[in-house]
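Notes follow the structure.
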Amino acid sequence: MKVALVCDWYHPRIGGIELHLRDLARRLTGSGHDVVAITPTPGADRVDGVRVHRIDAPRAPRFEFLYTRGGIRALGDALAQEHVDVAHCHVSIVSPAALGGALEAERRRIPLVLTFHSVIPRTQLLAGAARVALDINRWRARFSAVSERVARGVRPIAGARALAILPNGIDVGFWRVDAKPRHGRTVELLSVLRLNPKKRALALVGIVARVNATLLAGERVRLRIVGDGPQRARLERSIARARLGGQIELLGHRTREEIRELFSESDLFVLPAVRESFGLAALEARCAGLPVIAMASSGVAEIVRHGREGLLARSDIELATHVAGLSRDVKRRTAIAEHNRTSAPPYDWPRLLDAHIALYREAIALRDSVRAERNA
């Protein structure tokens, strides 16, 4: 089948959703499907062997999202020109292209799948407003979310219709690594996240300071942070004020291969995000054998069980307590790491690709049933 992946941002922009879409496009193509990504993000017209249909339309200053009616119509024209069998629209926090593309697909009677990727404040209220504004009650589409955490917020947009859980996929085998030998008593912490308010990278400074206050003489932790974003300068200032420059290192953007190497050199993975919709980096770290310490209210709680794959916290203080506890408890840390390294999570790409294709076929069947009703 021919699949259009409609998204607000795509390569060369790099983030969790963008990486997932590149992987999905490659996997679909490798399975014999024809894939085109449709996006207003400027860039090359082919990425990893996948065609990218770039929409040439005005984008909002600074935020760079599509905002004109002409741009939305151009999305619909692109869908029509491509003669796709199904449009898969990926909705993040601000997603006029994904929602506008979905509206155009519905108007043009193209089979439609919407996947919601993000948790935002007042999600349920916004979802309800979007349902009314876009008349989504009348859409014949299949709705999905990457986790139950996201689904709870966006259920109003689907109304009484089923909302499938369609998680992100990973290459489990790629992330399997052997831990490198440790020397000394320093416990290596790692965090992989975008440096923006949603991910709460600034909280890591206070967490390290709290951990320091609980460690015994001779015990030490070091935190390396992978990622970049608008809060980098502020994070650097916070580290300097706390006099933690010798313990917290900002590594900036790193490739997947480099991150995998960092996993092999680390003891614990730490993620302070509360509005984490899924936790792709946490899942990758878990596959690499790292115990994951994250927030219990985030989507990570669906892929990490407390006491099995890691520890979940209800506050920053509790998160710091968990970090200090596992830093000191080598036996427990080793047991969790061994479990993570030898048990495969149910998110490997072959399984997730089948789930995506099944949902596409459901959307196509749903549209076919509408045509049959009209012709009856």
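Note on naming: chains are A, B, ... as they come in the structure tokens, residues start from 1 per chain, ligands start from 1 in the order shown.
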Next item on the list: Please provide as JSON, numbers by chain all residues within 6 Å of Asp228 (chain A), with the sequence filter that same-chain residues fewer than 3 positions apart are discarded (counting only C-alpha atoms).
Entry: {"A": [194, 195, 252, 253]}
Using only C-alpha atoms, which residues sit within 9 Å of Val91 (chain A) once same-chain residues fewer than 6 positions away are excluded, as a JSON list (two decimals) with C-alpha atoms, in the first residue's frame?
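And here's around_37.json as it stands now:
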```
[["chain", "number", "residue", "atom", "x", "y", "z"],
["A", 6, "VAL", "CA", 1.87, 13.63, 7.62],
["A", 7, "CYS", "CA", 3.78, 15.56, 10.27],
["A", 8, "ASP", "CA", 4.62, 19.10, 11.32],
["A", 97, "ALA", "CA", -0.03, 20.38, 9.74],
["A", 98, "ALA", "CA", -1.00, 17.01, 11.23],
["A", 99, "LEU", "CA", -4.52, 18.08, 12.20],
["A", 114, "LEU", "CA", -4.31, 9.82, 13.63],
["A", 115, "THR", "CA", -1.67, 9.10, 16.26],
["A", 116, "PHE", "CA", -1.24, 11.39, 19.26],
["A", 117, "HIS", "CA", 2.31, 11.59, 20.63],
["A", 118, "SER", "CA", 2.37, 14.20, 23.39]]
```
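Counting only C-alpha atoms, Arg333 (chain A) has the following residues at most 9 Å away, ignoring those fewer than 5 positions along the same chain: A:Asp267, A:Leu268, A:Leu290, A:Pro291, A:Gly310, A:Leu326, A:Ser327, A:Arg328, A:Glu338.
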Notebook entry, point to check: Mind pulling up the distance from CA of Arg149 (chain A) to CA of Gly299 (chain A)?
Noted result: 5.4 Å
Notebook entry, point to check: Hey, which of A:Gln81, A:Thr186, A:Thr68, A:Ser277 ends up closest to Ile38 (chain A)? Count only C-alpha atoms.
Noted result: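 Closest to Ile38 (chain A), using only C-alpha atoms: A:Gln81.
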Check: Between A:Leu251, A:Ala162, A:Met295, A:Val211, which one has atoms that come closest to Val323 (chain A), using only C-alpha atoms?
Finding: A:Val211
